[in-house]
file final-v6.cif (mmCIF, C-alpha atoms)
data_structure
#
loop_
_atom_site.label_atom_id
_atom_site.label_comp_id
_atom_site.auth_asym_id
_atom_site.auth_seq_id
_atom_site.Cartn_x
_atom_site.Cartn_y
_atom_site.Cartn_z
CA MET A 52 -12.58 -15.54 -45.86
CA ALA A 53 -9.55 -15.89 -48.07
CA VAL A 54 -7.59 -12.69 -48.55
CA GLN A 55 -7.46 -11.79 -52.21
CA SER A 56 -4.73 -9.52 -53.46
CA PRO A 57 -6.05 -6.50 -55.34
CA PRO A 58 -6.33 -6.95 -59.09
CA ASP A 59 -3.99 -5.40 -61.56
CA ASP A 60 -5.92 -2.79 -63.41
CA ASP A 61 -7.34 0.53 -62.32
CA GLN A 62 -10.84 -0.30 -63.44
CA ALA A 63 -11.11 -3.40 -61.27
CA LEU A 64 -9.55 -1.56 -58.32
CA ALA A 65 -12.01 1.29 -58.70
CA ARG A 66 -14.89 -1.15 -58.75
CA GLN A 67 -13.66 -2.77 -55.55
CA ALA A 68 -13.09 0.59 -53.91
CA LYS A 69 -16.60 1.66 -54.78
CA ALA A 70 -17.82 -1.59 -53.25
CA GLY A 71 -16.12 -0.61 -50.01
CA SER A 72 -12.61 -2.03 -50.12
CA LEU A 73 -10.12 0.27 -48.42
CA GLU A 74 -7.27 -1.92 -49.59
CA ALA A 75 -8.30 -1.43 -53.20
CA MET A 76 -8.61 2.32 -52.65
CA GLU A 77 -5.15 2.47 -51.10
CA THR A 78 -3.63 0.43 -53.90
CA LEU A 79 -5.28 2.62 -56.50
CA VAL A 80 -4.13 5.80 -54.79
CA GLY A 81 -0.66 4.33 -54.37
CA ARG A 82 -0.39 3.93 -58.10
CA HIS A 83 -1.23 7.52 -58.85
CA GLU A 84 -0.17 9.60 -55.90
CA THR A 85 3.28 10.49 -57.20
CA ALA A 86 1.79 11.71 -60.45
CA LEU A 87 -0.92 13.63 -58.60
CA TYR A 88 1.62 15.22 -56.30
CA SER A 89 3.69 16.16 -59.33
CA THR A 90 0.68 17.85 -60.88
CA ALA A 91 0.19 19.83 -57.69
CA MET A 92 3.90 20.72 -57.50
CA ARG A 93 3.98 22.00 -61.07
CA ILE A 94 1.03 24.28 -60.42
CA LEU A 95 1.95 25.41 -56.92
CA ARG A 96 5.73 25.19 -56.98
CA ASN A 97 6.17 24.54 -53.29
CA ALA A 98 6.05 21.28 -51.38
CA HIS A 99 3.88 22.50 -48.51
CA ASP A 100 1.10 23.69 -50.79
CA ALA A 101 1.44 20.65 -53.02
CA GLU A 102 0.96 18.44 -49.99
CA ASP A 103 -2.19 20.37 -49.03
CA ALA A 104 -3.57 20.14 -52.54
CA THR A 105 -2.82 16.43 -52.84
CA GLN A 106 -4.37 15.73 -49.48
CA GLN A 107 -7.50 17.68 -50.39
CA ALA A 108 -7.63 15.84 -53.70
CA LEU A 109 -7.52 12.45 -51.98
CA LEU A 110 -10.31 13.50 -49.66
CA ASP A 111 -12.35 14.71 -52.63
CA ILE A 112 -11.68 11.44 -54.43
CA VAL A 113 -13.02 9.43 -51.52
CA GLU A 114 -15.94 11.78 -51.08
CA ASN A 115 -16.95 11.60 -54.73
CA LEU A 116 -16.09 8.02 -55.50
CA GLU A 117 -19.74 7.16 -56.17
CA SER A 118 -19.87 9.55 -59.07
CA PHE A 119 -16.80 8.05 -60.73
CA ARG A 120 -17.77 5.78 -63.60
CA GLU A 121 -15.43 2.83 -63.75
CA GLU A 122 -15.31 2.81 -67.55
CA SER A 123 -13.63 6.20 -67.52
CA SER A 124 -10.02 6.77 -66.71
CA PHE A 125 -9.31 7.01 -63.01
CA ARG A 126 -6.06 8.74 -63.86
CA THR A 127 -7.82 11.54 -65.75
CA TRP A 128 -10.48 11.95 -63.07
CA ALA A 129 -8.00 12.04 -60.21
CA HIS A 130 -5.79 14.52 -62.06
CA ARG A 131 -8.73 16.84 -62.68
CA ILE A 132 -9.61 16.78 -59.00
CA THR A 133 -6.01 17.51 -58.06
CA THR A 134 -5.75 20.32 -60.60
CA PHE A 135 -8.83 22.00 -59.17
CA ALA A 136 -7.57 21.57 -55.62
CA ALA A 137 -4.31 23.25 -56.63
CA LEU A 138 -6.09 26.12 -58.40
CA LYS A 139 -8.17 26.65 -55.29
CA ILE A 140 -4.97 27.23 -53.33
CA ILE A 141 -3.78 29.71 -55.95
CA ARG A 142 -7.02 31.61 -55.57
CA LYS A 143 -6.53 31.64 -51.82
CA ARG A 144 -2.99 32.93 -52.28
CA ARG A 145 -4.31 35.82 -54.32
CA GLY A 146 -7.11 36.49 -51.87
CA LEU A 147 -9.76 35.83 -54.48
CA GLU A 148 -13.21 34.61 -53.57
CA THR A 149 -14.65 34.17 -57.03
CA VAL A 150 -14.11 31.40 -59.52
CA SER A 151 -12.08 33.59 -61.80
CA LEU A 152 -8.37 33.75 -61.18
CA GLU A 153 -8.30 37.22 -62.66
CA ALA A 154 -8.67 39.92 -60.03
CA SER A 155 -9.87 42.61 -62.39
CA THR A 156 -11.52 42.72 -65.78
CA GLU A 157 -9.60 40.42 -67.99
CA ALA A 158 -7.68 42.17 -70.74
CA GLN A 159 -7.90 40.66 -74.19
CA GLU A 160 -4.42 39.58 -75.13
CA SER A 161 -3.25 39.72 -78.70
CA TYR A 162 -0.85 37.83 -80.89
CA ASP A 163 0.95 41.01 -81.80
CA GLN A 164 3.51 41.07 -79.07
CA ILE A 165 4.49 37.45 -78.87
CA PRO A 166 8.23 37.29 -79.56
CA HIS A 167 9.25 35.29 -82.56
CA PRO A 168 11.62 32.35 -82.21
CA GLU A 169 15.31 33.26 -82.06
CA PHE A 170 17.27 30.15 -81.13
CA ILE A 171 16.19 27.45 -83.54
CA ALA A 172 17.91 24.06 -83.56
CA ASP A 173 17.14 20.37 -83.48
CA TRP A 174 17.48 18.98 -80.02
CA ARG A 175 20.54 16.87 -79.27
CA GLU A 176 18.43 14.00 -77.94
CA SER A 177 14.84 12.86 -77.96
CA PRO A 178 12.53 14.13 -75.22
CA GLU A 179 12.17 10.56 -73.98
CA ARG A 180 15.91 10.24 -73.41
CA LEU A 181 16.23 13.71 -71.93
CA ALA A 182 13.39 12.96 -69.52
CA GLN A 183 15.50 10.24 -67.95
CA GLN A 184 18.45 12.49 -67.28
CA ARG A 185 18.94 13.89 -63.85
CA GLU A 186 19.38 17.56 -64.56
CA THR A 187 16.42 17.73 -66.94
CA ALA A 188 13.82 18.25 -64.21
CA ARG A 189 15.78 21.21 -62.88
CA LEU A 190 16.13 22.73 -66.34
CA ILE A 191 12.40 22.40 -66.97
CA GLU A 192 11.69 23.96 -63.61
CA GLU A 193 13.96 26.90 -64.38
CA ALA A 194 12.26 27.40 -67.71
CA MET A 195 8.78 27.24 -66.15
CA GLU A 196 9.91 29.78 -63.59
CA GLN A 197 10.56 32.25 -66.41
CA LEU A 198 6.94 32.28 -67.45
CA GLU A 199 4.36 34.57 -65.94
CA GLU A 200 2.00 32.53 -63.83
CA LYS A 201 -0.97 33.26 -66.09
CA HIS A 202 0.88 31.77 -69.05
CA ARG A 203 2.34 28.89 -67.11
CA LEU A 204 -1.07 27.86 -65.77
CA VAL A 205 -2.59 27.72 -69.24
CA PHE A 206 0.30 25.59 -70.48
CA LEU A 207 0.02 23.24 -67.51
CA LEU A 208 -3.72 22.81 -67.86
CA ARG A 209 -3.83 22.50 -71.65
CA ASP A 210 -0.67 20.71 -72.59
CA ILE A 211 0.29 18.82 -69.43
CA GLU A 212 -3.06 18.00 -67.86
CA GLY A 213 -4.84 17.75 -71.20
CA LEU A 214 -7.85 19.91 -70.44
CA SER A 215 -9.63 21.32 -73.47
CA GLY A 216 -9.61 25.01 -74.30
CA GLU A 217 -13.14 25.31 -72.94
CA GLU A 218 -12.32 23.49 -69.73
CA THR A 219 -9.19 25.56 -69.22
CA ALA A 220 -11.11 28.77 -69.79
CA GLN A 221 -13.68 27.73 -67.23
CA ALA A 222 -11.14 26.56 -64.68
CA LEU A 223 -9.25 29.83 -64.88
CA GLY A 224 -12.23 32.14 -65.41
CA ILE A 225 -10.89 33.58 -68.65
CA SER A 226 -12.08 33.59 -72.25
CA VAL A 227 -11.29 30.80 -74.68
CA ALA A 228 -9.61 33.39 -76.89
CA ASN A 229 -7.24 34.34 -74.11
CA VAL A 230 -6.50 30.70 -73.41
CA LYS A 231 -5.29 30.38 -76.99
CA VAL A 232 -3.05 33.41 -76.96
CA ARG A 233 -1.56 32.61 -73.57
CA LEU A 234 -0.97 29.02 -74.60
CA LEU A 235 0.93 30.10 -77.66
CA ARG A 236 3.00 32.55 -75.69
CA ALA A 237 3.84 29.87 -73.11
CA ARG A 238 4.69 27.27 -75.73
CA LEU A 239 6.98 29.58 -77.66
CA ARG A 240 8.74 30.90 -74.57
CA LEU A 241 9.34 27.40 -73.22
CA ARG A 242 10.49 26.29 -76.64
CA GLU A 243 12.99 29.12 -76.71
CA LEU A 244 14.38 28.38 -73.25
CA LEU A 245 14.51 24.62 -73.57
CA THR A 246 16.01 24.76 -77.04
CA ARG A 247 18.79 26.93 -75.67
CA ALA A 248 19.37 24.20 -73.09
CA PHE A 249 18.94 21.14 -75.29
CA GLY A 250 19.41 22.33 -78.84
CA ASN A 251 22.42 21.24 -80.81
CA PRO A 252 24.31 24.50 -81.45
CA ALA A 253 26.08 22.95 -84.43
CA ARG A 254 22.71 22.68 -86.12
CA ARG A 255 21.39 26.09 -85.29
CA GLN A 256 19.25 27.73 -87.96
CA GLU A 257 18.65 31.34 -88.71
CA PRO A 258 15.10 32.45 -88.04
CA HIS A 259 13.28 32.79 -91.29
CA ARG A 260 12.22 36.35 -91.89
CA HIS A 261 8.68 35.93 -93.09
CA PRO A 262 7.38 38.42 -95.64
CA HIS A 263 5.00 39.92 -93.10
CA GLU A 264 7.90 40.72 -90.78
CA GLU A 265 9.31 43.27 -93.14
CA ALA A 266 6.61 45.75 -92.21
CA PRO A 267 8.56 48.61 -90.62
CA ALA A 268 6.05 50.33 -88.35
CA LYS A 269 4.67 48.57 -85.32
CA ASN A 270 0.99 48.71 -86.12
CA THR A 271 0.95 48.28 -89.84
CA ARG A 272 0.75 44.78 -91.17
CA GLN A 273 0.94 44.07 -94.85
CA ASP A 274 -1.62 41.65 -96.19
CA LEU A 275 -0.14 39.16 -98.60
CA MET B 91 -0.78 35.67 -94.33
CA LYS B 92 -0.86 38.28 -91.60
CA CYS B 93 1.49 37.83 -88.69
CA GLN B 94 -1.32 37.32 -86.21
CA GLU B 95 -2.87 34.70 -88.45
CA LEU B 96 0.42 32.87 -88.77
CA MET B 97 0.78 32.73 -85.01
CA ALA B 98 -2.78 31.52 -84.53
CA ALA B 99 -2.24 28.89 -87.21
CA LEU B 100 0.82 27.61 -85.36
CA ASN B 101 -1.31 26.82 -82.33
CA ASP B 102 -4.05 25.12 -84.29
CA TYR B 103 -1.56 23.21 -86.38
CA LEU B 104 0.14 21.89 -83.25
CA ASP B 105 -3.24 20.92 -81.82
CA GLY B 106 -4.06 18.88 -84.89
CA ALA B 107 -6.75 21.14 -86.33
CA GLU B 108 -5.20 20.71 -89.70
CA SER B 109 -8.25 20.91 -91.86
CA SER B 110 -8.78 24.63 -91.71
CA ALA B 111 -7.71 26.74 -94.67
CA LEU B 112 -5.34 28.63 -92.41
CA CYS B 113 -3.58 25.44 -91.40
CA GLN B 114 -3.24 24.30 -94.95
CA GLU B 115 -1.60 27.59 -95.75
CA PHE B 116 0.66 27.08 -92.77
CA GLN B 117 1.53 23.61 -93.96
CA ARG B 118 2.49 25.01 -97.35
CA HIS B 119 4.70 27.51 -95.55
CA LEU B 120 6.39 24.73 -93.60
CA ARG B 121 7.33 22.89 -96.74
CA ASP B 122 9.49 25.78 -97.82
CA CYS B 123 10.69 26.92 -94.44
CA PRO B 124 13.04 24.56 -92.57
CA ALA B 125 13.39 26.99 -89.66
CA CYS B 126 9.66 26.97 -89.00
CA GLN B 127 9.54 23.21 -89.34
CA VAL B 128 12.19 22.94 -86.65
CA VAL B 129 10.23 25.35 -84.45
CA VAL B 130 7.15 23.17 -84.77
CA ASP B 131 9.21 20.10 -83.88
CA ASN B 132 10.80 21.98 -80.98
CA VAL B 133 7.39 22.85 -79.55
CA ARG B 134 6.23 19.26 -79.82
CA HIS B 135 9.36 18.14 -78.00
CA THR B 136 8.89 20.83 -75.40
CA ILE B 137 5.41 19.58 -74.58
CA LEU B 138 6.51 15.94 -74.44
CA LEU B 139 9.45 16.80 -72.25
CA CYS B 140 7.45 18.85 -69.79
CA LYS B 141 4.95 16.02 -69.50
CA ASP B 142 7.51 13.30 -68.82
CA GLY B 143 10.48 15.06 -67.37
CA GLN B 144 9.09 16.44 -64.17
CA THR B 145 8.24 13.88 -61.55
CA TYR B 146 8.36 14.97 -57.95
CA GLU B 147 8.81 12.26 -55.34
CA ILE B 148 6.57 12.63 -52.34
CA PRO B 149 8.65 13.11 -49.19
CA ALA B 150 8.21 10.13 -46.83
CA PRO B 151 6.56 12.05 -43.96
CA CYS B 152 4.13 13.57 -46.44
CA ARG B 153 3.33 10.19 -47.90
CA GLU B 154 2.51 8.89 -44.44
CA LYS B 155 0.35 11.92 -43.73
CA LEU B 156 -1.59 11.36 -46.95
CA ARG B 157 -2.12 7.73 -46.02
CA GLN B 158 -3.48 8.70 -42.62
CA ALA B 159 -5.77 11.33 -44.10
CA LEU B 160 -7.14 8.86 -46.63
CA ARG B 161 -7.84 6.25 -43.95
CA GLU B 162 -9.45 8.77 -41.65
CA LYS B 163 -11.74 9.96 -44.42
CA TRP B 164 -12.56 6.39 -45.39
CA ARG B 165 -13.54 5.55 -41.83
CA GLN B 166 -15.78 8.59 -41.67
CA LYS B 167 -17.45 7.45 -44.84
CA HIS B 168 -17.63 3.74 -43.98
CA PRO B 169 -18.14 3.66 -40.22
CA SER B 170 -19.18 0.01 -40.18
CA ALA B 171 -16.11 -1.26 -42.06
CA ALA B 172 -13.57 -3.30 -40.08
#

call {"tool": "encode", "arguments": {"input": "final-v6.cif", "output": "structure tokens"}}
result
Amino acid sequence: MAVQSPPDDDQALARQAKAGSLEAMETLVGRHETALYSTAMRILRNAHDAEDATQQALLDIVENLESFREESSFRTWAHRITTFAALKIIRKRRGLETVSLEASTEAQESYDQIPHPEFIADWRESPERLAQQRETARLIEEAMEQLEEKHRLVFLLRDIEGLSGEETAQALGISVANVKVRLLRARLRLRELLTRAFGNPARRQEPHRHPHEEAPAKNTRQDL
Amino acid sequence: MKCQELMAALNDYLDGAESSALCQEFQRHLRDCPACQVVVDNVRHTILLCKDGQTYEIPAPCREKLRQALREKWRQKHPSAA
């Protein structure tokens, strides 16, 4: 039987893998494994755990290959599996048995105490160009490190992995409302840190004092 | 617009839920507020950058280990395969 080289696209590879081709499976995994490992690293922040999560994800992918519909995106499916494998390790780290990543009753967070932007400036270069620069990864990592894990996780799941608010809430065992507040907090904090790193200081703007910010006492807000 | 509402609108605006009345109000605000417009742009850039700017290469021994694990699992699942 003539040896055929695996086809180019994910869909065809997935079809072949489902039909029993190990070569197709390996090629498909080969295409995505760096990205999957990166997903695990961002969530877990150490190589040993990321390796465990990625390995578990690959096993889960093989195990559940039948249920993967070829018309969907293999990339999305594999990333979901990896994300859940990584979250499982986080739960283990915290000694939690339940689905929820919150050990105690989840407190409702509010928008009140989210710091307003301070350093506001256009970035010196586009994100695309910055992404190619060597020290960028380290700067992002340092910024991510500054976030509390509960905020970082929401950002990673919503904005990086592309889960919906509902899906994120379910994955983390928190309310949709809390997902929203934590996401905003994470986004603004990261914005602040990365803008300090990449913003053009010559084009720095003063924060605009909105009318509602002139309220003097902490708990009184003026309606406009 | 209350402060809390403004913050909530920022999230929805960024997520493209622009049809709500709150977002339209926010949009009006942006037209007159260059600082806020830059903040919105900054956040968009932040998200893009975090998506693209953090690739971690798999260490070679780990890559090999993953390969072995995949093959082992495959053999378990397809015992008759060559």

call {"tool": "closest_atom_pairs", "arguments": {"input": "final-v6.cif", "of": "chain B", "to": "chain A", "cutoff": "8 Å", "atoms": "all atoms listed in the file", "output": "tab-separated table"}}
result
residue	atom	partner	partner_atom	distance
B:Met91	CA	A:Leu275	CA	5.6
B:Lys92	CA	A:Asp274	CA	5.7
B:Cys93	CA	A:His263	CA	6.0
B:Gln94	CA	A:Tyr162	CA	5.4
B:Met97	CA	A:Tyr162	CA	6.8
B:Ala98	CA	A:Tyr162	CA	7.5
B:Asn101	CA	A:Leu235	CA	6.1
B:Cys123	CA	A:His259	CA	7.1
B:Ala125	CA	A:Pro258	CA	5.9
B:Cys126	CA	A:His259	CA	7.2
B:Val128	CA	A:Asp173	CA	6.4
B:Val129	CA	A:Ile171	CA	6.4
B:Asp131	CA	A:Asp173	CA	7.9
B:Asn132	CA	A:Arg242	CA	6.1
B:Val133	CA	A:Arg242	CA	5.5
B:His135	CA	A:Pro178	CA	5.8
B:Thr136	CA	A:Arg242	CA	5.8
B:Ile137	CA	A:Asp210	CA	6.5
B:Leu138	CA	A:Pro178	CA	6.3
B:Leu139	CA	A:Pro178	CA	5.0
B:Cys140	CA	A:Ile191	CA	6.7
B:Lys141	CA	A:Ile211	CA	5.4
B:Asp142	CA	A:Ala182	CA	5.9
B:Gly143	CA	A:Ala182	CA	4.2
B:Gln144	CA	A:Ala188	CA	5.1
B:Thr145	CA	A:Ser89	CA	5.6
B:Tyr146	CA	A:Ser89	CA	5.0
B:Glu147	CA	A:Thr85	CA	6.1
B:Ile148	CA	A:Thr85	CA	6.2
B:Cys152	CA	A:Glu102	CA	6.8
B:Leu156	CA	A:Gln106	CA	5.8
B:Arg157	CA	A:Glu77	CA	7.9
B:Ala159	CA	A:Gln106	CA	7.1
B:Leu160	CA	A:Leu110	CA	6.4
B:Arg161	CA	A:Leu73	CA	7.8
B:Lys163	CA	A:Leu110	CA	6.5
B:Trp164	CA	A:Val113	CA	6.9
B:Lys167	CA	A:Glu114	CA	7.7
B:His168	CA	A:Gly71	CA	7.6
B:Ala171	CA	A:Gly71	CA	8.0

call {"tool": "write_last_selection", "arguments": {"input": "final-v6.cif", "atoms": "C-alpha atoms", "output": "JSON list (two decimals), in the coordinates of the input"}}
result
[["chain", "number", "residue", "atom", "x", "y", "z"],
["B", 91, "MET", "CA", -0.78, 35.67, -94.33],
["B", 92, "LYS", "CA", -0.86, 38.28, -91.60],
["B", 93, "CYS", "CA", 1.49, 37.83, -88.69],
["B", 94, "GLN", "CA", -1.32, 37.32, -86.21],
["B", 97, "MET", "CA", 0.78, 32.73, -85.01],
["B", 98, "ALA", "CA", -2.78, 31.52, -84.53],
["B", 101, "ASN", "CA", -1.31, 26.82, -82.33],
["B", 123, "CYS", "CA", 10.69, 26.92, -94.44],
["B", 125, "ALA", "CA", 13.39, 26.99, -89.66],
["B", 126, "CYS", "CA", 9.66, 26.97, -89.00],
["B", 128, "VAL", "CA", 12.19, 22.94, -86.65],
["B", 129, "VAL", "CA", 10.23, 25.35, -84.45],
["B", 131, "ASP", "CA", 9.21, 20.10, -83.88],
["B", 132, "ASN", "CA", 10.80, 21.98, -80.98],
["B", 133, "VAL", "CA", 7.39, 22.85, -79.55],
["B", 135, "HIS", "CA", 9.36, 18.14, -78.00],
["B", 136, "THR", "CA", 8.89, 20.83, -75.40],
["B", 137, "ILE", "CA", 5.41, 19.58, -74.58],
["B", 138, "LEU", "CA", 6.51, 15.94, -74.44],
["B", 139, "LEU", "CA", 9.45, 16.80, -72.25],
["B", 140, "CYS", "CA", 7.45, 18.85, -69.79],
["B", 141, "LYS", "CA", 4.95, 16.02, -69.50],
["B", 142, "ASP", "CA", 7.51, 13.30, -68.82],
["B", 143, "GLY", "CA", 10.48, 15.06, -67.37],
["B", 144, "GLN", "CA", 9.09, 16.44, -64.17],
["B", 145, "THR", "CA", 8.24, 13.88, -61.55],
["B", 146, "TYR", "CA", 8.36, 14.97, -57.95],
["B", 147, "GLU", "CA", 8.81, 12.26, -55.34],
["B", 148, "ILE", "CA", 6.57, 12.63, -52.34],
["B", 152, "CYS", "CA", 4.13, 13.57, -46.44],
["B", 156, "LEU", "CA", -1.59, 11.36, -46.95],
["B", 157, "ARG", "CA", -2.12, 7.73, -46.02],
["B", 159, "ALA", "CA", -5.77, 11.33, -44.10],
["B", 160, "LEU", "CA", -7.14, 8.86, -46.63],
["B", 161, "ARG", "CA", -7.84, 6.25, -43.95],
["B", 163, "LYS", "CA", -11.74, 9.96, -44.42],
["B", 164, "TRP", "CA", -12.56, 6.39, -45.39],
["B", 167, "LYS", "CA", -17.45, 7.45, -44.84],
["B", 168, "HIS", "CA", -17.63, 3.74, -43.98],
["B", 171, "ALA", "CA", -16.11, -1.26, -42.06]]

call {"tool": "axis_aligned_box", "arguments": {"input": "final-v6.cif", "around": "stretch 148-165 of chain B", "padding_each_side": "6 Å", "output": "JSON"}}
result
{"center_x": -2.4, "center_y": 9.6, "center_z": -47.0, "size_x": 34.2, "size_y": 20.0, "size_z": 22.7}

call {"tool": "resolve_selection", "arguments": {"input": "final-v6.cif", "expression": "the PyMOL selection byres ((chain A and resi 135) around 10)", "output": "PDB file with C-alpha atoms, keeping the file's coordinate frame"}}
result
ATOM      1  CA  ALA A  91       0.190  19.830 -57.690  1.00  0.00           C
ATOM      2  CA  ALA A 104      -3.570  20.140 -52.540  1.00  0.00           C
ATOM      3  CA  GLN A 107      -7.500  17.680 -50.390  1.00  0.00           C
ATOM      4  CA  ALA A 108      -7.630  15.840 -53.700  1.00  0.00           C
ATOM      5  CA  HIS A 130      -5.790  14.520 -62.060  1.00  0.00           C
ATOM      6  CA  ARG A 131      -8.730  16.840 -62.680  1.00  0.00           C
ATOM      7  CA  ILE A 132      -9.610  16.780 -59.000  1.00  0.00           C
ATOM      8  CA  THR A 133      -6.010  17.510 -58.060  1.00  0.00           C
ATOM      9  CA  THR A 134      -5.750  20.320 -60.600  1.00  0.00           C
ATOM     10  CA  ALA A 136      -7.570  21.570 -55.620  1.00  0.00           C
ATOM     11  CA  ALA A 137      -4.310  23.250 -56.630  1.00  0.00           C
ATOM     12  CA  LEU A 138      -6.090  26.120 -58.400  1.00  0.00           C
ATOM     13  CA  LYS A 139      -8.170  26.650 -55.290  1.00  0.00           C
ATOM     14  CA  ILE A 140      -4.970  27.230 -53.330  1.00  0.00           C
ATOM     15  CA  ILE A 141      -3.780  29.710 -55.950  1.00  0.00           C
ATOM     16  CA  ALA A 222     -11.140  26.560 -64.680  1.00  0.00           C
ATOM     17  CA  LEU A 223      -9.250  29.830 -64.880  1.00  0.00           C
TER      18      LEU A 223
END

call {"tool": "closest_residue", "arguments": {"input": "final-v6.cif", "among": "B:Arg134, B:Gln127, B:Glu162, B:Leu96", "to": "B:Cys113", "atoms": "only C-alpha atoms"}}
result
B:Leu96

call {"tool": "closest_residue", "arguments": {"input": "final-v6.cif", "among": "B:Leu100, B:Glu154, B:Ser170, B:Pro149", "to": "B:His119", "atoms": "only C-alpha atoms"}}
result
B:Leu100

call {"tool": "atom_distance", "arguments": {"input": "final-v6.cif", "atom1": "atom CA of A:Arg203", "atom2": "atom CA of A:Ala237"}}
result
6.3 Å

call {"tool": "resolve_selection", "arguments": {"input": "final-v6.cif", "expression": "the PyMOL selection byres ((chain B and resi 103) around 9)", "output": "ChimeraX atom specification"}}
result
/B:98-102,104-109,112-114,116-117,130

call {"tool": "atom_distance", "arguments": {"input": "final-v6.cif", "atom1": "atom CA of A:His202", "atom2": "atom CA of B:Ala111"}}
result
27.5 Å

call {"tool": "atom_distance", "arguments": {"input": "final-v6.cif", "atom1": "atom CA of A:Glu218", "atom2": "atom CA of A:Lys143"}}
result
20.5 Å

call {"tool": "closest_residue", "arguments": {"input": "final-v6.cif", "among": "A:Ala158, A:Ala248, A:Leu116, A:Leu204", "to": "A:Ala68", "atoms": "all atoms listed in the file"}}
result
A:Leu116

call {"tool": "residues_around", "arguments": {"input": "final-v6.cif", "residues": "A:Ala220", "least_positions_apart": "4", "cutoff": "10 Å", "atoms": "all atoms listed in the file", "output": "ChimeraX atom specification"}}
result
/A:151,205,208-209,214-216,224-231

call {"tool": "write_last_selection", "arguments": {"input": "final-v6.cif", "atoms": "C-alpha atoms", "output": "tab-separated table (two decimals), in the frame of the given file"}}
result
chain	number	residue	atom	x	y	z
A	151	SER	CA	-12.08	33.59	-61.80
A	205	VAL	CA	-2.59	27.72	-69.24
A	208	LEU	CA	-3.72	22.81	-67.86
A	209	ARG	CA	-3.83	22.50	-71.65
A	214	LEU	CA	-7.85	19.91	-70.44
A	215	SER	CA	-9.63	21.32	-73.47
A	216	GLY	CA	-9.61	25.01	-74.30
A	224	GLY	CA	-12.23	32.14	-65.41
A	225	ILE	CA	-10.89	33.58	-68.65
A	226	SER	CA	-12.08	33.59	-72.25
A	227	VAL	CA	-11.29	30.80	-74.68
A	228	ALA	CA	-9.61	33.39	-76.89
A	229	ASN	CA	-7.24	34.34	-74.11
A	230	VAL	CA	-6.50	30.70	-73.41
A	231	LYS	CA	-5.29	30.38	-76.99
